[in-house]
Amino acid sequence: MRIDILTLFPEMFVGPMTESILKRAAEERIIEIHTHNIRDFATGKHRQVDDTPYGGGAGMVMKADIVVGAIEGVIEQGQKGKREKGHNETNQSIRGNDSISQLPHRIYLSPRGKRLTQIKVEKLAKHDWLLLLCGHYEGIDQRVIDGWIDEEISIGDYVLTGGELPAMVLVDAVARHIPGVLGKEESAGEESFSKALKRKREYPHYTRPEEFRGMRVPDVLLSGHHKKIGEWRATKLS
């Protein structure tokens with residue numbers, strides 16, 4: 001999967017996107033994460049990316065011409081990368097012109113968007129290319145959303161300074177469902193809110209020592225009786 005992130009603050013992604021599971025997945029080329037500074041697509045001496053809103057009001061709005069230029073520019077870069085990858089890789093080449101010219105699924109991280117859920121995460125993981133747009137200030141010109149965004153997604157009913165943190169949450173959640181990212185394929189299959197657990201919260205987990213400060217591991221988990229263990233875990237789903 002390729003993920004392109006458009007942001008005014010690409011440095012915010014250096015730590016979260018370059019550590020732990022995401023780092024290993026990138027090194028193994030299971031996922032590609034590219035961050036792009038929206039200001040690089042601005043023109044003029046001051047590279048202004050925002051302006052005052054029509055109709056008045058507090059705050060600034062990110063300009064349609066700048067944001068659309070960034071979206072189209074990044075898509076062009078991604079398509080070029082796909083063509084080069086298809087040319088250079090003989091065993092895993094891109095098949096056909098449709099694959100090369102395919103557009104990414106374009107997402108705007110916004111408190112106005114639909115709530116990110118496990119079901120939505122699983123659907124997003126089926127795409128091979130995501131483009132994430134991080135808003136700032138009072139948001140972006142509505143014309144960008146109407147013409148160049150496939151869906152708006154929110155991580156909760158609250159307002160953050162920008163879309164960077166929601167983008168990190170989305171990338172982390174989606175990456176876990178890409179084959180090869182986790183050590184064991186069943187790891188993501190039996191987590192909280194997964195289909196296997198009927199969209200419920202996961203059962204409690206225990207490990208050594210068997211007793212800790214007077215608190216013991218439930219006897220059933222020490223029994224080795226897999227059917228009874230499965231039944232016990234089923235009763236602990238919530």
# chains A, B, ... in the order shown; residues from 1 in each chain; ligands from 1

$ residues_around --residues "segment 63-68 of chain A" --least-positions-apart "6" --cutoff "9 Å" --atoms "only C-alpha atoms" --output "list in words"
Leu6, Ile38, Arg39, Phe41, Ala42, Thr43, Gln48, Val49, Asp50, Asp51, Leu133, Ile140, Asp141, Gln142, Arg143, Val144 and Trp148 of chain A

$ write_last_selection --atoms "N, CA and C atoms" --output "PDB file, in the first residue's frame"
ATOM      1  N   LEU A   6      -0.670  14.839   2.911  1.00  0.00           N
ATOM      2  CA  LEU A   6      -0.488  16.256   2.619  1.00  0.00           C
ATOM      3  C   LEU A   6      -0.699  17.045   3.902  1.00  0.00           C
ATOM      4  N   ILE A  38       2.345  20.997   2.018  1.00  0.00           N
ATOM      5  CA  ILE A  38       1.415  21.722   1.156  1.00  0.00           C
ATOM      6  C   ILE A  38       1.995  23.076   0.747  1.00  0.00           C
ATOM      7  N   ARG A  39       2.778  23.675   1.625  1.00  0.00           N
ATOM      8  CA  ARG A  39       3.345  24.999   1.335  1.00  0.00           C
ATOM      9  C   ARG A  39       4.296  24.952   0.135  1.00  0.00           C
ATOM     10  N   PHE A  41       3.686  23.793  -2.605  1.00  0.00           N
ATOM     11  CA  PHE A  41       2.886  23.992  -3.813  1.00  0.00           C
ATOM     12  C   PHE A  41       2.316  25.407  -3.903  1.00  0.00           C
ATOM     13  N   ALA A  42       2.628  26.237  -2.913  1.00  0.00           N
ATOM     14  CA  ALA A  42       2.165  27.623  -2.924  1.00  0.00           C
ATOM     15  C   ALA A  42       3.111  28.478  -3.760  1.00  0.00           C
ATOM     16  N   THR A  43       2.600  29.594  -4.224  1.00  0.00           N
ATOM     17  CA  THR A  43       3.401  30.516  -5.026  1.00  0.00           C
ATOM     18  C   THR A  43       3.507  31.858  -4.306  1.00  0.00           C
ATOM     19  N   GLN A  48       1.815  31.880   0.705  1.00  0.00           N
ATOM     20  CA  GLN A  48       0.603  31.903   1.521  1.00  0.00           C
ATOM     21  C   GLN A  48      -0.327  30.770   1.131  1.00  0.00           C
ATOM     22  N   VAL A  49      -0.804  30.024   2.116  1.00  0.00           N
ATOM     23  CA  VAL A  49      -1.674  28.880   1.863  1.00  0.00           C
ATOM     24  C   VAL A  49      -3.102  29.119   2.348  1.00  0.00           C
ATOM     25  N   ASP A  50      -3.355  30.250   3.035  1.00  0.00           N
ATOM     26  CA  ASP A  50      -4.681  30.490   3.597  1.00  0.00           C
ATOM     27  C   ASP A  50      -5.110  31.932   3.352  1.00  0.00           C
ATOM     28  N   ASP A  51      -6.383  32.199   3.602  1.00  0.00           N
ATOM     29  CA  ASP A  51      -6.911  33.552   3.449  1.00  0.00           C
ATOM     30  C   ASP A  51      -8.147  33.687   4.333  1.00  0.00           C
ATOM     31  N   LEU A 133      -5.408  14.150   3.488  1.00  0.00           N
ATOM     32  CA  LEU A 133      -5.262  15.607   3.532  1.00  0.00           C
ATOM     33  C   LEU A 133      -5.499  16.089   4.959  1.00  0.00           C
ATOM     34  N   ILE A 140     -10.523  23.845   5.203  1.00  0.00           N
ATOM     35  CA  ILE A 140     -10.171  24.098   3.816  1.00  0.00           C
ATOM     36  C   ILE A 140     -11.404  24.574   3.047  1.00  0.00           C
ATOM     37  N   ASP A 141     -11.170  25.235   1.934  1.00  0.00           N
ATOM     38  CA  ASP A 141     -12.242  25.703   1.061  1.00  0.00           C
ATOM     39  C   ASP A 141     -13.138  24.516   0.670  1.00  0.00           C
ATOM     40  N   GLN A 142     -14.440  24.679   0.830  1.00  0.00           N
ATOM     41  CA  GLN A 142     -15.385  23.593   0.576  1.00  0.00           C
ATOM     42  C   GLN A 142     -15.294  23.047  -0.833  1.00  0.00           C
ATOM     43  N   ARG A 143     -14.866  23.855  -1.781  1.00  0.00           N
ATOM     44  CA  ARG A 143     -14.771  23.387  -3.159  1.00  0.00           C
ATOM     45  C   ARG A 143     -13.756  22.266  -3.320  1.00  0.00           C
ATOM     46  N   VAL A 144     -12.740  22.245  -2.460  1.00  0.00           N
ATOM     47  CA  VAL A 144     -11.776  21.136  -2.486  1.00  0.00           C
ATOM     48  C   VAL A 144     -12.485  19.839  -2.107  1.00  0.00           C
ATOM     49  N   TRP A 148     -12.506  17.153  -4.999  1.00  0.00           N
ATOM     50  CA  TRP A 148     -11.249  16.398  -4.994  1.00  0.00           C
ATOM     51  C   TRP A 148     -11.101  15.459  -3.792  1.00  0.00           C
TER      52      TRP A 148
END

$ select_by_dssp --residues "segment 47-153 of chain A" --states "strand (DSSP E or B)" --output "number ranges by chain"
A: 50-51, 61-62, 105-115, 129-134, 136, 140, 151-153

$ closest_residue --among "A:Pro204, A:Gly230, A:Gly162, A:Gly69" --to "Thr7 of chain A" --atoms "only C-alpha atoms"
A:Gly162

$ select_by_dssp --residues "segment 8-231 of chain A" --states "helix (DSSP H, G or I)" --output "PyMOL selection string"
chain A and resi 10-13+16-18+20-27+38-41+64-88+96-101+118-124+142-148+164-175+195-197+219-222+226-231

$ residues_around --residues "Phe13 of chain A" --least-positions-apart "6" --cutoff "12 Å" --atoms "only C-alpha atoms" --output "list of chain:residue names"
A:Asp4, A:Ile5, A:Leu6, A:Thr7, A:Glu19, A:Leu22, A:Lys23, A:Ile33, A:His34, A:Thr35, A:His36, A:Asn37, A:Cys134, A:Gly163, A:Glu164, A:Leu165, A:Pro166, A:Ala167, A:Met168, A:Val169, A:Val171, A:Asp172

$ residues_around --residues "Lys236 of chain A" --least-positions-apart "4" --cutoff "8 Å" --atoms "only C-alpha atoms" --output "list of chain:residue names"
A:Glu202, A:Tyr203, A:Pro204, A:Trp232

$ closest_residue --among "A:Gly139, A:Gly147, A:Pro218, A:Gly86" --to "Arg106 of chain A" --atoms "only C-alpha atoms"
A:Gly147

$ closest_residue --among "A:Ile107, A:Met1, A:Ile153, A:Leu221" --to "Ile178 of chain A" --atoms "only C-alpha atoms"
A:Met1
